[in-house]
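Data block for data-v8.txt (compact mmCIF, C-alpha atoms):
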```
# COMPACT_ATOMS: atom_id res chain seq x y z
CA MET G 23 -36.20 70.63 -14.04
CA LYS G 24 -37.10 67.43 -15.91
CA LEU G 25 -33.56 66.09 -15.45
CA GLN G 26 -33.73 66.83 -11.72
CA SER G 27 -37.06 65.00 -11.45
CA GLN G 28 -35.66 61.98 -13.29
CA LEU G 29 -32.60 61.97 -11.04
CA LEU G 30 -34.74 62.02 -7.88
CA LYS G 31 -36.90 59.22 -9.28
CA SER G 32 -33.79 57.12 -10.05
CA ILE G 33 -32.38 57.69 -6.56
CA SER G 34 -35.72 56.69 -5.02
CA ILE G 35 -35.83 53.49 -7.07
CA LEU G 36 -32.24 52.59 -6.15
CA THR G 37 -32.90 53.26 -2.46
CA LEU G 38 -36.01 51.10 -2.52
CA ALA G 39 -34.20 48.32 -4.39
CA SER G 40 -31.34 48.39 -1.87
CA PHE G 41 -33.80 48.19 1.02
CA ILE G 42 -35.68 45.27 -0.56
CA PHE G 43 -32.44 43.39 -1.28
CA LEU G 44 -30.65 43.99 2.02
CA ALA G 45 -33.56 43.99 4.49
CA PRO G 46 -33.95 40.19 4.65
CA PHE G 47 -30.31 39.85 5.65
CA SER G 48 -29.83 42.66 8.12
CA ASN G 49 -33.08 42.56 10.08
CA GLN G 50 -33.73 38.83 10.07
CA ALA G 51 -30.22 37.85 11.07
CA GLU G 52 -29.97 40.42 13.87
CA ALA G 53 -33.42 39.76 15.28
CA SER G 54 -33.18 35.99 15.25
CA SER G 55 -32.80 34.06 18.45
CA ILE G 56 -31.39 30.60 17.92
CA SER G 57 -29.89 27.80 19.94
CA ALA G 58 -26.16 27.14 19.75
CA ASN G 59 -27.11 23.49 20.21
CA LYS G 60 -29.11 23.65 16.95
CA ILE G 61 -26.20 25.27 15.11
CA VAL G 62 -23.63 22.80 16.48
CA SER G 63 -25.92 19.81 16.00
CA THR G 64 -26.48 20.69 12.36
CA ALA G 65 -22.75 21.23 11.86
CA ASN G 66 -22.09 17.81 13.43
CA GLN G 67 -24.62 16.17 11.10
CA VAL G 68 -22.63 17.28 8.03
CA MET G 69 -19.15 16.79 9.52
CA GLY G 70 -16.92 15.14 6.93
CA THR G 71 -18.96 16.34 3.94
CA LYS G 72 -16.57 16.95 1.06
CA TYR G 73 -15.55 20.40 -0.16
CA VAL G 74 -17.15 21.54 -3.41
CA TRP G 75 -16.50 25.05 -4.73
CA GLY G 76 -19.88 26.81 -4.82
CA GLY G 77 -21.48 23.89 -2.95
CA THR G 78 -24.52 24.55 -0.76
CA THR G 79 -25.87 21.05 -0.14
CA THR G 80 -24.88 17.88 1.67
CA LYS G 81 -23.37 16.66 -1.62
CA GLY G 82 -20.61 19.20 -0.97
CA PHE G 83 -20.04 22.62 0.61
CA ASP G 84 -17.73 25.53 0.18
CA CYS G 85 -17.17 27.57 3.35
CA SER G 86 -20.04 30.01 2.90
CA GLY G 87 -22.34 27.29 1.56
CA PHE G 88 -21.74 25.33 4.76
CA ILE G 89 -22.51 28.34 6.95
CA GLY G 90 -25.60 29.21 4.93
CA TYR G 91 -26.87 25.62 5.18
CA VAL G 92 -26.36 25.43 8.95
CA TYR G 93 -27.99 28.79 9.62
CA LYS G 94 -30.89 28.11 7.24
CA LYS G 95 -31.66 24.95 9.26
CA ALA G 96 -31.85 27.22 12.33
CA GLY G 97 -34.20 29.61 10.50
CA VAL G 98 -31.70 32.39 9.75
CA ALA G 99 -31.10 33.65 6.20
CA LEU G 100 -27.60 34.90 5.41
CA PRO G 101 -25.96 36.29 2.28
CA ARG G 102 -24.46 33.60 0.04
CA THR G 103 -20.79 34.64 0.11
CA THR G 104 -18.22 35.41 2.81
CA ALA G 105 -18.02 38.96 1.43
CA GLY G 106 -21.76 39.32 2.02
CA MET G 107 -21.73 37.58 5.40
CA ILE G 108 -19.12 39.90 6.86
CA THR G 109 -21.42 42.86 6.18
CA VAL G 110 -24.25 41.64 8.44
CA GLY G 111 -24.49 41.32 12.20
CA THR G 112 -22.46 42.91 14.95
CA SER G 113 -18.68 42.79 15.24
CA VAL G 114 -17.41 40.68 18.14
CA SER G 115 -13.93 40.74 19.65
CA LYS G 116 -12.01 37.48 19.74
CA ASN G 117 -12.21 37.53 23.56
CA ASN G 118 -16.02 37.64 23.47
CA LEU G 119 -16.76 34.93 20.91
CA LYS G 120 -19.74 32.68 21.60
CA ALA G 121 -20.75 29.46 19.91
CA GLY G 122 -22.59 30.37 16.73
CA ASP G 123 -20.56 33.48 15.89
CA LEU G 124 -19.13 33.67 12.38
CA VAL G 125 -15.34 33.92 12.13
CA PHE G 126 -13.60 35.32 9.05
CA PHE G 127 -10.17 34.77 7.54
CA ASN G 128 -7.97 36.20 4.80
CA THR G 129 -6.48 33.15 3.08
CA SER G 130 -5.91 34.77 -0.31
CA GLY G 131 -4.20 38.03 0.62
CA LYS G 132 -7.16 39.93 -0.84
CA GLY G 133 -9.53 40.41 2.10
CA VAL G 134 -12.11 38.02 3.51
CA SER G 135 -11.91 34.73 1.64
CA HIS G 136 -12.87 32.07 4.20
CA ALA G 137 -15.31 31.78 7.09
CA GLY G 138 -16.48 29.34 9.70
CA ILE G 139 -18.74 29.00 12.73
CA TYR G 140 -17.19 29.39 16.17
CA ILE G 141 -18.18 26.36 18.29
CA GLY G 142 -16.49 27.18 21.58
CA ASN G 143 -13.27 26.12 23.29
CA GLY G 144 -11.15 28.02 20.76
CA LYS G 145 -12.44 25.97 17.80
CA PHE G 146 -14.50 26.61 14.69
CA ALA G 147 -16.32 24.41 12.19
CA HIS G 148 -15.83 25.14 8.50
CA SER G 149 -15.58 23.57 5.08
CA SER G 150 -11.95 23.62 4.03
CA SER G 151 -10.76 22.77 0.55
CA SER G 152 -8.41 20.13 1.96
CA LYS G 153 -10.61 18.42 4.58
CA GLY G 154 -14.21 19.31 3.81
CA VAL G 155 -16.43 20.06 6.80
CA SER G 156 -14.15 19.81 9.81
CA VAL G 157 -13.09 21.52 13.03
CA SER G 158 -9.95 23.63 13.41
CA LYS G 159 -8.31 25.64 16.17
CA LEU G 160 -8.96 29.35 15.81
CA ASN G 161 -5.48 30.26 17.07
CA ASP G 162 -3.60 27.57 15.16
CA PRO G 163 -0.13 29.16 15.02
CA TYR G 164 0.69 27.46 11.72
CA TYR G 165 -2.24 28.76 9.71
CA TRP G 166 -5.61 30.01 10.99
CA GLY G 167 -4.26 32.22 13.78
CA ALA G 168 -2.32 34.36 11.31
CA LYS G 169 -5.23 34.50 8.83
CA TYR G 170 -7.92 35.61 11.32
CA MET G 171 -9.71 38.85 10.34
CA GLY G 172 -12.58 39.16 12.80
CA ALA G 173 -15.98 37.86 13.83
CA LYS G 174 -19.66 38.74 13.55
CA ARG G 175 -22.62 37.80 15.69
CA VAL G 176 -25.48 37.37 13.25
CA ALA G 177 -28.06 35.98 15.66
CA LYS G 178 -28.86 35.91 19.33
CA VAL G 179 -27.58 32.54 20.50
CA SER G 180 -29.24 31.10 23.56
CA GLN G 181 -26.78 28.41 24.72
CA VAL G 182 -23.14 27.44 24.49
CA ALA G 183 -22.23 24.12 22.91
CA SER G 184 -19.30 22.55 21.09
CA ALA G 185 -19.00 20.34 18.06
CA LYS G 186 -17.26 17.03 17.47
CA LYS G 187 -13.50 17.13 17.19
```
Just dump the structure as C-alpha cells.
Amino acid sequence: MKLQSQLLKSISILTLASFIFLAPFSNQAEASSISANKIVSTANQVMGTKYVWGGTTTKGFDCSGFIGYVYKKAGVALPRTTAGMITVGTSVSKNNLKAGDLVFFNTSGKGVSHAGIYIGNGKFAHSSSSKGVSVSKLNDPYYWGAKYMGAKRVAKVSQVASAKK
C-alpha cells in the first residue's frame, strides 16, 4: 500500500511538472494573435546576420535561435530547438501556408534539423549555416524542396506580408 501511494505521488509530481514546463509553449503560442508584418519586419531587421551554432542574438543566430528571436519580439514564446518547435501549434499543409508559419526540414537524415519562417510567395526566412539569415525558396528543387518535412502554425497571424529577397 505504501509503494502504491508513493507511485501515485510520483506520477502526480511528474504530471504537474510536465504541465508547468509545457503550458507556456502550448497555450501561449496557440492563443497568440500577431501581425505577419511584425514577424516579417523583425526578420528583415536581422537579414544578413551571421550564422552561429546555438546563437540567439543579433550577434549570430542558428535556425531556431532566429525563429525564437523573431517570435519573442512579437510576444510569442517558443521552445528553443527545432525539435521542440515542431511539437507546438497546429499542422498546416503546404498548400495552406500563411506568412508567419514555421516550416521544418530534415537536412541531416535524422528527422527535423532545420526550420524557418514562411514569408509568402513560396519563400521562407531562416538562418542557414552558409548564408546566415536569408531568404530561400521553399520548393527549391536542388535542396529545400526535397528536405521539406512539414509546417506548423504557432500563432494566429492577422496579415500577409513578405520579406526582402
Item to complete: Considering only C-alpha atoms, state which residue in the set G:His136, G:Lys95, G:Lys120, G:Lys153 is at the smallest distance from G:Ile61.
Response: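 Closest residue, counting only C-alpha atoms: G:Lys95.
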Practice prompt. Kindly extract all protein, DNA and RNA residues lying within 12 Å of the coordinates (-6.6, 25.0, 17.3) given in the file, considering all atoms listed in the file, and supply them as an MDAnalysis selection string.
Written response: chainID G and resid 140:147 156:168 187
Fill in: Point (-22.8, 20.3, 2.1), cut-off 10 Å, counting all atoms listed in the file, residues as number ranges by chain
G: 65, 68-74, 76-85, 87-92, 149, 154-155
Discussion item. Could you tell me how far atom CA of G:Ala173 sits from atom CA of G:Asp123, in Å to one decimal place?
Written reply: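 A separation of 6.7 Å between them.
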Worksheet item: Please, what distance in Å, to one decimal, runs between atom CA of G:Ser86 and atom CA of G:Pro101?
Response: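 Between atom CA of G:Ser86 and atom CA of G:Pro101 the gap is 8.7 Å.
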